[in-house]
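Engineer: Handing over query.cif, mmCIF, C-alpha atoms (C1' of nucleotides).
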```cif
data_work
#
loop_
_atom_site.label_atom_id
_atom_site.label_comp_id
_atom_site.auth_asym_id
_atom_site.auth_seq_id
_atom_site.Cartn_x
_atom_site.Cartn_y
_atom_site.Cartn_z
CA MET A 1 -5.92 2.31 -22.79
CA ALA A 2 -4.05 -0.46 -21.04
CA PRO A 3 -1.40 0.73 -18.61
CA ARG A 4 2.20 0.53 -19.70
CA THR A 5 3.94 -2.82 -19.36
CA CYS A 6 6.97 -2.10 -17.27
CA SER A 7 9.33 -3.87 -14.92
CA VAL A 8 8.90 -1.16 -12.34
CA ALA A 9 5.20 -1.92 -12.26
CA ASN A 10 5.95 -5.64 -12.14
CA ALA A 11 8.35 -5.16 -9.27
CA LEU A 12 5.81 -3.10 -7.38
CA GLU A 13 3.22 -5.83 -7.88
CA VAL A 14 5.45 -8.01 -5.74
CA VAL A 15 6.99 -5.66 -3.18
CA GLY A 16 4.99 -2.48 -3.62
CA GLU A 17 2.27 -3.05 -1.08
CA ARG A 18 2.49 -1.40 2.27
CA TRP A 19 4.78 -3.17 4.77
CA SER A 20 6.43 -5.48 2.24
CA LEU A 21 9.65 -3.51 1.91
CA LEU A 22 9.74 -2.76 5.62
CA ALA A 23 9.37 -6.45 6.40
CA LEU A 24 12.25 -7.15 4.04
CA ARG A 25 14.32 -4.44 5.71
CA GLU A 26 13.90 -6.29 8.99
CA VAL A 27 15.01 -9.57 7.46
CA PHE A 28 18.08 -7.78 6.08
CA PHE A 29 18.69 -6.56 9.62
CA GLY A 30 18.70 -10.13 10.84
CA ASN A 31 15.20 -10.20 12.29
CA HIS A 32 13.78 -13.40 10.90
CA ARG A 33 10.80 -13.95 13.18
CA PHE A 34 7.20 -12.92 12.86
CA ASP A 35 6.94 -11.07 16.15
CA GLN A 36 10.16 -9.14 15.62
CA ILE A 37 9.09 -8.07 12.16
CA ALA A 38 5.67 -7.07 13.40
CA ALA A 39 7.09 -5.03 16.28
CA ASN A 40 9.80 -3.27 14.27
CA THR A 41 7.67 -2.40 11.28
CA GLY A 42 4.45 -1.56 13.09
CA ALA A 43 2.42 -3.64 10.66
CA SER A 44 -0.70 -5.26 12.03
CA ARG A 45 -0.33 -8.99 12.37
CA ASP A 46 -2.99 -10.03 9.90
CA VAL A 47 -1.59 -7.84 7.15
CA LEU A 48 1.93 -8.99 7.92
CA THR A 49 0.80 -12.59 7.62
CA ALA A 50 -0.57 -11.85 4.18
CA ARG A 51 2.54 -9.94 3.06
CA LEU A 52 4.96 -12.63 4.22
CA LYS A 53 2.85 -15.28 2.54
CA LYS A 54 2.96 -13.34 -0.70
CA LEU A 55 6.69 -12.69 -0.50
CA VAL A 56 7.25 -16.41 0.04
CA ALA A 57 4.94 -17.25 -2.85
CA CYS A 58 6.86 -14.84 -5.09
CA GLY A 59 10.22 -16.31 -4.14
CA VAL A 60 11.54 -13.30 -2.28
CA LEU A 61 11.54 -14.96 1.12
CA GLU A 62 11.77 -18.55 2.24
CA ARG A 63 9.87 -19.88 5.23
CA ARG A 64 12.18 -22.24 7.05
CA GLN A 65 11.45 -24.41 10.06
CA TYR A 66 13.95 -23.87 12.85
CA SER A 67 12.25 -25.86 15.58
CA GLU A 68 10.16 -29.00 15.42
CA HIS A 69 8.63 -28.95 18.90
CA PRO A 70 6.91 -26.59 18.86
CA PRO A 71 6.92 -26.07 15.08
CA ARG A 72 8.45 -22.66 14.51
CA HIS A 73 9.44 -20.94 11.31
CA GLU A 74 11.67 -18.11 10.33
CA TYR A 75 11.89 -16.04 7.17
CA VAL A 76 15.11 -15.86 5.23
CA LEU A 77 16.03 -14.05 2.04
CA THR A 78 16.30 -15.89 -1.22
CA GLU A 79 18.66 -14.70 -3.93
CA SER A 80 15.83 -12.58 -5.28
CA GLY A 81 15.30 -11.12 -1.84
CA ARG A 82 18.98 -10.32 -1.39
CA ALA A 83 18.92 -8.50 -4.70
CA LEU A 84 16.43 -6.08 -3.21
CA ASN A 85 19.21 -4.65 -1.08
CA ASN A 86 19.93 -2.18 -3.86
CA VAL A 87 16.37 -0.92 -3.82
CA LEU A 88 16.43 -0.50 -0.06
CA LEU A 89 19.79 1.25 -0.20
CA MET A 90 18.55 3.79 -2.71
CA LEU A 91 15.30 4.32 -0.85
CA LYS A 92 17.24 4.88 2.34
CA GLU A 93 19.58 7.28 0.59
CA TRP A 94 16.68 9.26 -0.82
CA GLY A 95 14.91 9.29 2.53
CA ASP A 96 18.10 10.40 4.26
CA THR A 97 18.55 13.26 1.83
CA TYR A 98 15.03 14.51 1.26
CA VAL A 99 12.74 13.26 4.00
CA THR A 100 14.41 12.46 7.30
CA LYS A 101 14.90 15.49 9.52
CA GLY A 102 17.62 15.63 12.15
CA PRO A 103 20.28 12.99 12.71
CA LEU A 104 20.10 9.94 10.51
CA PRO A 105 18.76 6.87 12.30
CA LEU A 106 21.27 4.63 10.58
CA VAL A 107 24.56 5.05 8.77
CA TRP A 108 26.23 2.24 6.86
CA GLU A 109 29.96 1.83 6.73
CA HIS A 110 31.32 0.22 3.60
CA SER A 111 34.07 -2.39 3.78
CA CYS A 112 36.47 0.23 2.39
CA GLY A 113 36.24 2.04 5.71
CA ASN A 114 34.19 5.02 4.60
CA VAL A 115 30.63 5.92 5.31
CA LEU A 116 28.58 4.54 2.46
CA GLU A 117 27.42 7.02 -0.12
CA PRO A 118 25.62 4.82 -2.59
CA LEU A 119 25.83 5.69 -6.25
CA VAL A 120 24.17 4.04 -9.21
CA VAL A 121 26.66 3.52 -12.00
CA CYS A 122 26.79 1.78 -15.32
CA ALA A 123 28.49 -1.57 -14.87
CA HIS A 124 30.29 -1.16 -18.20
CA CYS A 125 31.90 2.26 -17.86
CA GLY A 126 31.57 2.92 -14.15
CA ARG A 127 30.10 6.36 -14.68
CA GLU A 128 26.96 7.48 -12.96
CA ALA A 129 23.56 6.66 -14.40
CA THR A 130 21.78 9.98 -14.38
CA PRO A 131 18.41 10.55 -16.06
CA GLU A 132 20.20 12.59 -18.76
CA SER A 133 22.71 9.84 -19.51
CA LEU A 134 20.01 7.37 -20.49
CA THR A 135 18.27 6.84 -23.80
CA ARG A 136 15.90 4.17 -24.90
CA ALA A 137 17.78 1.29 -26.46
CA ALA A 138 14.94 -0.97 -27.50
CA THR A 139 11.21 -1.13 -27.26
CA THR A 140 8.46 -2.75 -29.16
CA PRO A 141 7.17 -0.46 -31.88
CA GLY A 142 3.96 1.24 -30.90
CA ASP A 143 4.94 1.52 -27.27
CA PRO A 144 6.90 4.75 -27.29
CA ILE A 145 7.77 6.17 -23.90
CA SER A 146 5.53 9.13 -24.38
CA ALA A 147 2.54 7.17 -25.59
CA THR A 148 -0.66 8.37 -24.05
CA MET B 1 6.98 -1.21 20.89
CA ALA B 2 7.23 1.73 18.51
CA PRO B 3 8.30 0.82 15.01
CA ARG B 4 11.87 1.51 14.03
CA THR B 5 12.73 5.02 12.95
CA CYS B 6 14.25 4.62 9.55
CA SER B 7 14.76 6.57 6.37
CA VAL B 8 13.35 3.73 4.31
CA ALA B 9 10.11 4.05 6.25
CA ASN B 10 10.21 7.82 5.88
CA ALA B 11 10.76 7.52 2.16
CA LEU B 12 7.89 5.10 1.84
CA GLU B 13 5.64 7.50 3.73
CA VAL B 14 6.12 9.86 0.81
CA VAL B 15 6.35 7.62 -2.25
CA GLY B 16 5.29 4.23 -0.92
CA GLU B 17 1.58 4.37 -1.63
CA ARG B 18 0.20 2.63 -4.64
CA TRP B 19 0.58 4.60 -7.91
CA SER B 20 3.02 7.18 -6.55
CA LEU B 21 6.14 5.65 -8.05
CA LEU B 22 4.34 4.79 -11.28
CA ALA B 23 3.16 8.37 -11.60
CA LEU B 24 6.74 9.51 -11.10
CA ARG B 25 7.92 7.04 -13.71
CA GLU B 26 5.60 8.70 -16.18
CA VAL B 27 6.93 12.13 -15.36
CA PHE B 28 10.46 10.79 -15.89
CA PHE B 29 9.26 9.53 -19.25
CA GLY B 30 8.17 13.04 -20.16
CA ASN B 31 4.47 12.63 -19.53
CA HIS B 32 3.62 15.66 -17.48
CA ARG B 33 -0.15 15.75 -17.81
CA PHE B 34 -2.88 14.30 -15.69
CA ASP B 35 -4.62 12.31 -18.40
CA GLN B 36 -1.38 10.82 -19.71
CA ILE B 37 -0.32 9.75 -16.26
CA ALA B 38 -3.73 8.28 -15.54
CA ALA B 39 -3.80 6.35 -18.80
CA ASN B 40 -0.25 5.01 -18.61
CA THR B 41 -0.34 3.97 -14.98
CA GLY B 42 -3.89 2.68 -14.84
CA ALA B 43 -4.57 4.56 -11.62
CA SER B 44 -8.12 5.73 -11.08
CA ARG B 45 -8.45 9.47 -11.42
CA ASP B 46 -9.50 10.25 -7.88
CA VAL B 47 -6.60 8.33 -6.37
CA LEU B 48 -4.21 9.88 -8.85
CA THR B 49 -5.45 13.34 -7.86
CA ALA B 50 -4.68 12.53 -4.23
CA ARG B 51 -1.25 11.09 -5.03
CA LEU B 52 -0.16 14.01 -7.17
CA LYS B 53 -1.37 16.43 -4.52
CA LYS B 54 0.69 14.63 -1.92
CA LEU B 55 3.79 14.46 -4.09
CA VAL B 56 3.50 18.20 -4.70
CA ALA B 57 2.99 18.84 -0.99
CA CYS B 58 6.08 16.78 -0.21
CA GLY B 59 8.22 18.62 -2.73
CA VAL B 60 8.72 15.73 -5.14
CA LEU B 61 6.72 17.28 -7.96
CA GLU B 62 5.87 20.81 -8.88
CA ARG B 63 2.50 21.78 -10.35
CA ARG B 64 3.15 24.33 -13.03
CA GLN B 65 0.66 26.26 -15.10
CA TYR B 66 1.28 25.96 -18.81
CA SER B 67 -1.87 27.59 -20.13
CA GLU B 68 -3.95 30.40 -18.74
CA HIS B 69 -7.08 30.03 -20.86
CA PRO B 70 -8.18 27.46 -19.98
CA PRO B 71 -6.09 27.11 -16.83
CA ARG B 72 -4.03 23.97 -17.30
CA HIS B 73 -1.26 22.54 -15.21
CA GLU B 74 1.51 20.05 -15.68
CA TYR B 75 3.65 18.18 -13.23
CA VAL B 76 7.42 18.47 -13.31
CA LEU B 77 10.10 16.89 -11.16
CA THR B 78 11.83 18.87 -8.46
CA GLU B 79 15.39 18.08 -7.47
CA SER B 80 14.00 15.68 -4.90
CA GLY B 81 11.91 14.04 -7.58
CA ARG B 82 14.85 13.68 -9.96
CA ALA B 83 16.80 12.00 -7.19
CA LEU B 84 14.22 9.22 -7.22
CA ASN B 85 15.59 8.08 -10.56
CA ASN B 86 17.98 5.82 -8.68
CA VAL B 87 15.14 4.13 -6.85
CA LEU B 88 13.24 3.59 -10.10
CA LEU B 89 16.36 2.27 -11.84
CA MET B 90 16.97 -0.30 -9.15
CA LEU B 91 13.32 -1.31 -9.00
CA LYS B 92 13.32 -1.74 -12.76
CA GLU B 93 16.52 -3.77 -12.60
CA TRP B 94 15.08 -6.04 -9.92
CA GLY B 95 11.83 -6.41 -11.83
CA ASP B 96 13.74 -7.16 -15.04
CA THR B 97 15.76 -9.86 -13.31
CA TYR B 98 13.27 -11.52 -11.01
CA VAL B 99 9.73 -10.67 -12.07
CA THR B 100 9.28 -9.79 -15.74
CA LYS B 101 8.89 -12.82 -17.97
CA GLY B 102 9.77 -12.71 -21.63
CA PRO B 103 11.38 -9.79 -23.42
CA LEU B 104 12.02 -6.69 -21.35
CA PRO B 105 9.56 -3.89 -22.07
CA LEU B 106 12.31 -1.28 -21.86
CA VAL B 107 16.08 -1.24 -22.08
CA TRP B 108 18.14 1.82 -21.26
CA GLU B 109 21.27 2.69 -23.12
CA HIS B 110 23.88 4.55 -21.15
CA SER B 111 25.78 7.47 -22.65
CA CYS B 112 28.85 5.21 -22.83
CA GLY B 113 27.09 3.28 -25.59
CA ASN B 114 26.34 0.11 -23.67
CA VAL B 115 23.08 -1.24 -22.42
CA LEU B 116 22.72 -0.01 -18.87
CA GLU B 117 23.42 -2.54 -16.16
CA PRO B 118 22.97 -0.48 -13.04
CA LEU B 119 25.19 -1.20 -10.08
CA VAL B 120 25.16 0.34 -6.63
CA VAL B 121 28.66 1.25 -5.57
CA CYS B 122 30.33 3.11 -2.76
CA ALA B 123 31.11 6.62 -3.94
CA HIS B 124 34.44 6.55 -2.10
CA CYS B 125 36.02 3.36 -3.34
CA GLY B 126 33.83 2.53 -6.34
CA ARG B 127 33.32 -1.04 -5.23
CA GLU B 128 29.92 -2.60 -5.07
CA ALA B 129 27.73 -2.14 -2.00
CA THR B 130 26.64 -5.67 -1.19
CA PRO B 131 24.79 -6.57 2.00
CA GLU B 132 27.96 -8.28 3.27
CA SER B 133 30.13 -5.22 2.65
CA LEU B 134 28.09 -3.06 5.01
CA THR B 135 28.33 -2.63 8.77
CA ARG B 136 26.61 -0.24 11.05
CA ALA B 137 28.66 2.92 11.47
CA ALA B 138 26.55 4.82 13.95
CA THR B 139 23.27 4.50 15.70
CA THR B 140 21.75 5.81 18.84
CA PRO B 141 22.42 3.48 21.74
CA GLY B 142 19.42 1.35 22.56
CA ASP B 143 18.39 1.05 18.95
CA PRO B 144 20.44 -1.91 17.82
CA ILE B 145 19.55 -3.28 14.46
CA SER B 146 18.25 -6.50 15.90
CA ALA B 147 16.15 -4.83 18.60
CA THR B 148 12.77 -6.42 18.96
"C1'" DC C 1 1.15 -29.65 37.98
"C1'" DA C 2 -1.17 -24.92 37.97
"C1'" DG C 3 -0.14 -20.66 36.01
"C1'" DG C 4 2.29 -17.76 33.05
"C1'" DT C 5 4.90 -16.86 28.75
"C1'" DT C 6 6.35 -17.24 23.92
"C1'" DG C 7 5.65 -17.70 19.07
"C1'" DA C 8 2.96 -17.51 15.15
"C1'" DG C 9 -0.52 -16.65 13.55
"C1'" DT C 10 -6.59 -16.04 13.17
"C1'" DT C 11 -10.69 -13.84 14.01
"C1'" DT C 12 -13.61 -9.94 14.55
"C1'" DG C 13 -15.81 -5.72 13.66
"C1'" DA C 14 -15.14 -0.95 12.69
"C1'" DT C 15 -12.71 2.23 9.78
"C1'" DT C 16 -10.35 3.67 5.66
"C1'" DT C 17 -9.14 3.23 0.97
"C1'" DC C 18 -9.85 2.00 -3.52
"C1'" DC C 19 -12.13 1.35 -7.84
"C1'" DC C 20 -15.05 2.74 -11.54
"C1'" DA C 21 -18.15 5.31 -13.99
"C1'" DA C 22 -20.40 9.37 -14.55
"C1'" DC C 23 -20.35 14.19 -14.17
"C1'" DT C 24 -18.58 19.19 -14.27
"C1'" DG C 25 -16.66 23.30 -16.18
"C1'" DA C 26 -13.79 25.81 -18.98
"C1'" DC C 27 -12.32 26.06 -23.10
"C1'" DT C 28 -10.99 24.79 -28.44
"C1'" DG C 29 -11.64 23.59 -33.12
"C1'" DA C 30 -14.76 22.40 -37.12
"C1'" DT D 1 -23.69 24.65 -32.62
"C1'" DC D 2 -21.66 20.34 -31.51
"C1'" DA D 3 -18.10 17.23 -30.41
"C1'" DG D 4 -13.78 16.82 -28.05
"C1'" DT D 5 -9.94 17.82 -24.59
"C1'" DC D 6 -8.24 18.53 -20.12
"C1'" DA D 7 -8.20 18.23 -15.23
"C1'" DG D 8 -10.21 17.08 -12.13
"C1'" DT D 9 -14.76 15.93 -8.59
"C1'" DT D 10 -18.59 13.16 -6.97
"C1'" DG D 11 -21.01 9.00 -5.45
"C1'" DG D 12 -21.68 4.34 -4.18
"C1'" DG D 13 -20.17 -0.21 -3.58
"C1'" DA D 14 -16.14 -3.43 -2.99
"C1'" DA D 15 -11.97 -4.37 -0.90
"C1'" DA D 16 -8.22 -3.69 2.23
"C1'" DT D 17 -6.65 -2.08 6.70
"C1'" DC D 18 -6.55 -1.40 11.60
"C1'" DA D 19 -6.19 -2.76 16.54
"C1'" DA D 20 -7.30 -5.73 19.84
"C1'" DA D 21 -8.67 -10.01 21.35
"C1'" DC D 22 -8.35 -14.79 20.73
"C1'" DT D 23 -6.27 -19.55 19.65
"C1'" DC D 24 -3.22 -23.32 20.08
"C1'" DA D 25 0.81 -25.73 21.13
"C1'" DA D 26 4.67 -26.00 23.72
"C1'" DC D 27 7.82 -24.46 27.06
"C1'" DC D 28 9.35 -22.55 31.86
"C1'" DT D 29 8.88 -21.99 36.92
"C1'" DG D 30 8.31 -23.11 41.41
#
```
Represent the structure contained in this file as structure tokens.

Structural biologist:
Amino acid sequence: MAPRTCSVANALEVVGERWSLLALREVFFGNHRFDQIAANTGASRDVLTARLKKLVACGVLERRQYSEHPPRHEYVLTESGRALNNVLLMLKEWGDTYVTKGPLPLVWEHSCGNVLEPLVVCAHCGREATPESLTRAATTPGDPISAT
Amino acid sequence: MAPRTCSVANALEVVGERWSLLALREVFFGNHRFDQIAANTGASRDVLTARLKKLVACGVLERRQYSEHPPRHEYVLTESGRALNNVLLMLKEWGDTYVTKGPLPLVWEHSCGNVLEPLVVCAHCGREATPESLTRAATTPGDPISAT
DNA sequence: CAGGTTGAGTTTGATTTCCCAACTGACTGA
DNA sequence: TCAGTCAGTTGGGAAATCAAACTCAACCTG
């Protein structure tokens, strides 16, 4: 049986390997350079090289030259990379709530002045998207959700 | 330099290994049994055994006996596990938008009747949480975001 | 201009994980 | 009795990971 075709799986093919999301977190934080990313994530340098290369190849990051002599590059987010902010926000929220013990290492303040409590809502009605509020709208026949 | 303490990293310690999130996706889909999860994710059985064990140990899944003779178990989501729905939704959305080619394998319909377009908003003001709308509200001194 | 530092990786060799297929054991159903 | 299901476990080879050392080019310092 072939595994389910699924955008979650596709997404994880690109950013699901170890260190990828942490490297992206650093770029979101404004750390665009190899050594900063390596130090702040704890990834070993060879693996980080491979991850950054892959993220560039997949269009999540862009490798941009910021100095000619010596040639130096920095990593910046593409549109696709910026869109991963939502994933990182929800992962952080889940980690804050269910994993991190003690004081939170980081708290975001939203532009409205409050501490950010992220919520996933339906763009059409603005109500929360809970597991119970969702039903399958369309799939190819023969690929039911509960297929074995 | 020690890596940054961060709830994203903590979250990934628990659900960041390969197959963990896909296994959880299957449980969300109503597939609670080992063989179904193995078949639908494509994970090898030994790795899946280890992942499920870890998710149970971390309180994301619960292993529940549903038959005594023979002893059989199924995996169900805890509260912590259900809270991961948001992460999966955003990963799916990102995958839909930036990775999956061709028709989407799955479309959710929200209870409001529309196709779900998930949006991350601030629970206080209801406006979207974009990278630009966020500033650091509190951190321990000496751990600035851009620390190297 | 010798000596040290920075930045961005490569290389190396040992360790750890992963993958796959086969196997087990307890049972069911024909 | 014989095949099939379920939930793993075992074994061996392939692949990925780790940490530390190394490279190379350029810059900085006195």

Engineer: Grab the CA of Leu89 (chain A) to CA of Pro118 (chain A) distance for me, in Å with one decimal place.

Structural biologist: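 CA of Pro118 (chain A) lies 7.2 Å from CA of Leu89 (chain A).
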
Engineer: By how many Å are C1' of DA3 (chain D) and C1' of DA30 (chain C) apart?

Structural biologist: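 Interatomic distance, C1' of DA3 (chain D) to C1' of DA30 (chain C): 9.1 Å.
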
Engineer: Could you please tell me, as a short mmCIF file (atom, residue, chain, number, x, y, z; two decimals) with C-alpha atoms, in the frame of the given file, which residues of chain B have an atom within 9 Å of chain D when using all atoms listed in the file?

Structural biologist:
```cif
data_model
loop_
_atom_site.label_atom_id
_atom_site.label_comp_id
_atom_site.auth_asym_id
_atom_site.auth_seq_id
_atom_site.Cartn_x
_atom_site.Cartn_y
_atom_site.Cartn_z
CA ARG B 33 -0.15 15.75 -17.81
CA PHE B 34 -2.88 14.30 -15.69
CA ASP B 35 -4.62 12.31 -18.40
CA ARG B 45 -8.45 9.47 -11.42
CA ASP B 46 -9.50 10.25 -7.88
CA THR B 49 -5.45 13.34 -7.86
CA PRO B 70 -8.18 27.46 -19.98
CA ARG B 72 -4.03 23.97 -17.30
CA HIS B 73 -1.26 22.54 -15.21
#
```

Engineer: After a least-squares superposition on chain B over all sequentially paired C-alpha atoms, what is chain A as a short mmCIF file (atom, residue, chain, number, x, y, z; two decimals) with C-alpha atoms, keeping the file's coordinate frame?

Structural biologist:
```cif
data_model
loop_
_atom_site.label_atom_id
_atom_site.label_comp_id
_atom_site.auth_asym_id
_atom_site.auth_seq_id
_atom_site.Cartn_x
_atom_site.Cartn_y
_atom_site.Cartn_z
CA MET A 1 6.96 -1.21 20.92
CA ALA A 2 7.25 1.70 18.55
CA PRO A 3 8.32 0.77 15.04
CA ARG A 4 11.89 1.46 14.05
CA THR A 5 12.75 4.99 12.97
CA CYS A 6 14.27 4.58 9.56
CA SER A 7 14.77 6.55 6.38
CA VAL A 8 13.38 3.72 4.33
CA ALA A 9 10.14 4.00 6.25
CA ASN A 10 10.24 7.78 5.89
CA ALA A 11 10.79 7.50 2.17
CA LEU A 12 7.91 5.07 1.84
CA GLU A 13 5.67 7.47 3.74
CA VAL A 14 6.12 9.84 0.83
CA VAL A 15 6.35 7.61 -2.24
CA GLY A 16 5.30 4.22 -0.92
CA GLU A 17 1.60 4.36 -1.61
CA ARG A 18 0.21 2.63 -4.62
CA TRP A 19 0.58 4.58 -7.89
CA SER A 20 3.02 7.17 -6.54
CA LEU A 21 6.14 5.63 -8.04
CA LEU A 22 4.34 4.77 -11.26
CA ALA A 23 3.15 8.35 -11.59
CA LEU A 24 6.73 9.49 -11.09
CA ARG A 25 7.91 7.01 -13.71
CA GLU A 26 5.59 8.67 -16.19
CA VAL A 27 6.92 12.12 -15.37
CA PHE A 28 10.45 10.78 -15.90
CA PHE A 29 9.23 9.52 -19.26
CA GLY A 30 8.14 13.01 -20.17
CA ASN A 31 4.43 12.59 -19.53
CA HIS A 32 3.58 15.64 -17.48
CA ARG A 33 -0.20 15.73 -17.81
CA PHE A 34 -2.91 14.26 -15.66
CA ASP A 35 -4.65 12.28 -18.37
CA GLN A 36 -1.43 10.79 -19.71
CA ILE A 37 -0.35 9.72 -16.25
CA ALA A 38 -3.75 8.25 -15.52
CA ALA A 39 -3.84 6.31 -18.79
CA ASN A 40 -0.28 4.97 -18.59
CA THR A 41 -0.36 3.95 -14.96
CA GLY A 42 -3.92 2.65 -14.81
CA ALA A 43 -4.59 4.54 -11.60
CA SER A 44 -8.13 5.71 -11.04
CA ARG A 45 -8.47 9.44 -11.39
CA ASP A 46 -9.51 10.22 -7.84
CA VAL A 47 -6.60 8.33 -6.34
CA LEU A 48 -4.21 9.88 -8.82
CA THR A 49 -5.45 13.32 -7.84
CA ALA A 50 -4.67 12.54 -4.22
CA ARG A 51 -1.23 11.07 -5.00
CA LEU A 52 -0.16 14.00 -7.17
CA LYS A 53 -1.37 16.42 -4.53
CA LYS A 54 0.69 14.63 -1.92
CA LEU A 55 3.79 14.45 -4.09
CA VAL A 56 3.51 18.19 -4.71
CA ALA A 57 3.00 18.83 -1.00
CA CYS A 58 6.10 16.76 -0.22
CA GLY A 59 8.23 18.61 -2.75
CA VAL A 60 8.72 15.73 -5.14
CA LEU A 61 6.71 17.25 -7.96
CA GLU A 62 5.85 20.80 -8.89
CA ARG A 63 2.51 21.77 -10.36
CA ARG A 64 3.18 24.34 -13.05
CA GLN A 65 0.69 26.29 -15.12
CA TYR A 66 1.37 25.97 -18.83
CA SER A 67 -1.75 27.63 -20.17
CA GLU A 68 -3.81 30.49 -18.80
CA HIS A 69 -6.94 30.12 -20.94
CA PRO A 70 -8.06 27.57 -20.08
CA PRO A 71 -5.98 27.19 -16.90
CA ARG A 72 -3.97 24.02 -17.36
CA HIS A 73 -1.22 22.55 -15.24
CA GLU A 74 1.52 20.06 -15.70
CA TYR A 75 3.65 18.15 -13.22
CA VAL A 76 7.40 18.44 -13.30
CA LEU A 77 10.09 16.88 -11.16
CA THR A 78 11.82 18.85 -8.47
CA GLU A 79 15.39 18.07 -7.48
CA SER A 80 14.00 15.66 -4.91
CA GLY A 81 11.91 14.02 -7.59
CA ARG A 82 14.85 13.67 -9.96
CA ALA A 83 16.79 11.98 -7.19
CA LEU A 84 14.22 9.22 -7.22
CA ASN A 85 15.59 8.07 -10.55
CA ASN A 86 17.98 5.81 -8.67
CA VAL A 87 15.14 4.11 -6.86
CA LEU A 88 13.24 3.57 -10.09
CA LEU A 89 16.35 2.26 -11.82
CA MET A 90 16.96 -0.32 -9.13
CA LEU A 91 13.32 -1.32 -9.00
CA LYS A 92 13.32 -1.75 -12.75
CA GLU A 93 16.51 -3.77 -12.60
CA TRP A 94 15.08 -6.05 -9.94
CA GLY A 95 11.82 -6.42 -11.84
CA ASP A 96 13.71 -7.18 -15.04
CA THR A 97 15.74 -9.87 -13.33
CA TYR A 98 13.25 -11.53 -11.02
CA VAL A 99 9.72 -10.68 -12.07
CA THR A 100 9.26 -9.79 -15.73
CA LYS A 101 8.87 -12.82 -17.98
CA GLY A 102 9.77 -12.71 -21.65
CA PRO A 103 11.37 -9.77 -23.44
CA LEU A 104 12.01 -6.70 -21.37
CA PRO A 105 9.55 -3.88 -22.06
CA LEU A 106 12.28 -1.29 -21.86
CA VAL A 107 16.05 -1.22 -22.09
CA TRP A 108 18.12 1.84 -21.26
CA GLU A 109 21.26 2.72 -23.12
CA HIS A 110 23.86 4.60 -21.13
CA SER A 111 25.74 7.53 -22.65
CA CYS A 112 28.82 5.28 -22.84
CA GLY A 113 27.09 3.34 -25.60
CA ASN A 114 26.33 0.16 -23.68
CA VAL A 115 23.09 -1.20 -22.42
CA LEU A 116 22.71 0.01 -18.87
CA GLU A 117 23.42 -2.50 -16.16
CA PRO A 118 22.95 -0.46 -13.03
CA LEU A 119 25.18 -1.16 -10.08
CA VAL A 120 25.16 0.37 -6.63
CA VAL A 121 28.66 1.30 -5.57
CA CYS A 122 30.32 3.16 -2.77
CA ALA A 123 31.08 6.68 -3.93
CA HIS A 124 34.41 6.61 -2.08
CA CYS A 125 36.01 3.41 -3.35
CA GLY A 126 33.84 2.59 -6.34
CA ARG A 127 33.33 -0.99 -5.24
CA GLU A 128 29.92 -2.56 -5.07
CA ALA A 129 27.74 -2.12 -2.01
CA THR A 130 26.65 -5.64 -1.21
CA PRO A 131 24.79 -6.56 1.99
CA GLU A 132 27.98 -8.27 3.24
CA SER A 133 30.14 -5.20 2.65
CA LEU A 134 28.09 -3.05 5.00
CA THR A 135 28.33 -2.63 8.75
CA ARG A 136 26.59 -0.24 11.04
CA ALA A 137 28.63 2.91 11.46
CA ALA A 138 26.52 4.83 13.94
CA THR A 139 23.25 4.51 15.72
CA THR A 140 21.76 5.84 18.85
CA PRO A 141 22.41 3.50 21.76
CA GLY A 142 19.41 1.38 22.57
CA ASP A 143 18.34 1.09 18.97
CA PRO A 144 20.39 -1.86 17.82
CA ILE A 145 19.50 -3.28 14.44
CA SER A 146 18.25 -6.48 15.93
CA ALA A 147 16.14 -4.87 18.61
CA THR A 148 12.79 -6.52 18.97
#
```

Engineer: CA of Glu74 (chain B) to CA of His32 (chain B): how many Å, to one decimal?

Structural biologist: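 Separating CA of Glu74 (chain B) from CA of His32 (chain B) is a distance of 5.2 Å.
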
Engineer: Would you write out, as a ChimeraX atom specification, every residue that the PyMOL selection byres ((chain B and resi 25) around 12) captures in this file?

Structural biologist: /A:4,6-9,131,145-146 /B:15,19-24,26-32,36-38,40-41,61,75-77,81-82,84-89,91-92

Engineer: Could you please select, counting only C-alpha atoms (C1' of nucleotides), the residues of chain C within 8 Å of chain A and state them as a list in words?

Structural biologist: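 The contacting residues on chain C are DG7, DA8, DG9 and DT10 of chain C.
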
Engineer: Quick one: of B:Val107, B:Ala123, B:Val14, B:Leu116, who's nearest to Leu52 (chain B), counting all atoms listed in the file?

Structural biologist: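 Closest residue, counting all atoms listed in the file: B:Val14.
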
Engineer: Rank nothing, just name the residue among B:Arg63, B:Arg136, B:Lys54, B:Lys101 nearest to chain A, using only C-alpha atoms.

Structural biologist: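 Closest residue, counting only C-alpha atoms: B:Arg136.
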
Engineer: Measuring atom to atom with all atoms listed in the file, identify which of B:Glu117, B:His69, B:Cys58, B:Glu79 is nearest to chain A.

Structural biologist: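 So, comparing all the options, the nearest one is B:Glu117.
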
Engineer: Would you mind listing what lies within 10 Å of Asn114 (chain A) as a list in words, with all atoms listed in the file counted and same-chain residues fewer than 3 positions away left out?

Structural biologist: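 So the residues in contact are Trp108, Glu109, His110, Ser111 and Glu117 of chain A; Cys122, Ala123, His124, Cys125 and Ala137 of chain B.
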
Engineer: Spell out the residues picked by the PyMOL selection byres ((chain C and resi 20) around 10) here, as a PyMOL selection string.

Structural biologist: (chain B and resi 44-45) or (chain C and resi 18-19+21-22) or (chain D and resi 13)

Engineer: Check the smallest atom-to-atom distance from each of B:Gly113, B:Arg64, B:Leu106, B:Val47 to chain A using only C-alpha atoms, then report the winner.

Structural biologist: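 Of B:Gly113, B:Arg64, B:Leu106, B:Val47, the one nearest chain A, counting only C-alpha atoms, is B:Leu106.
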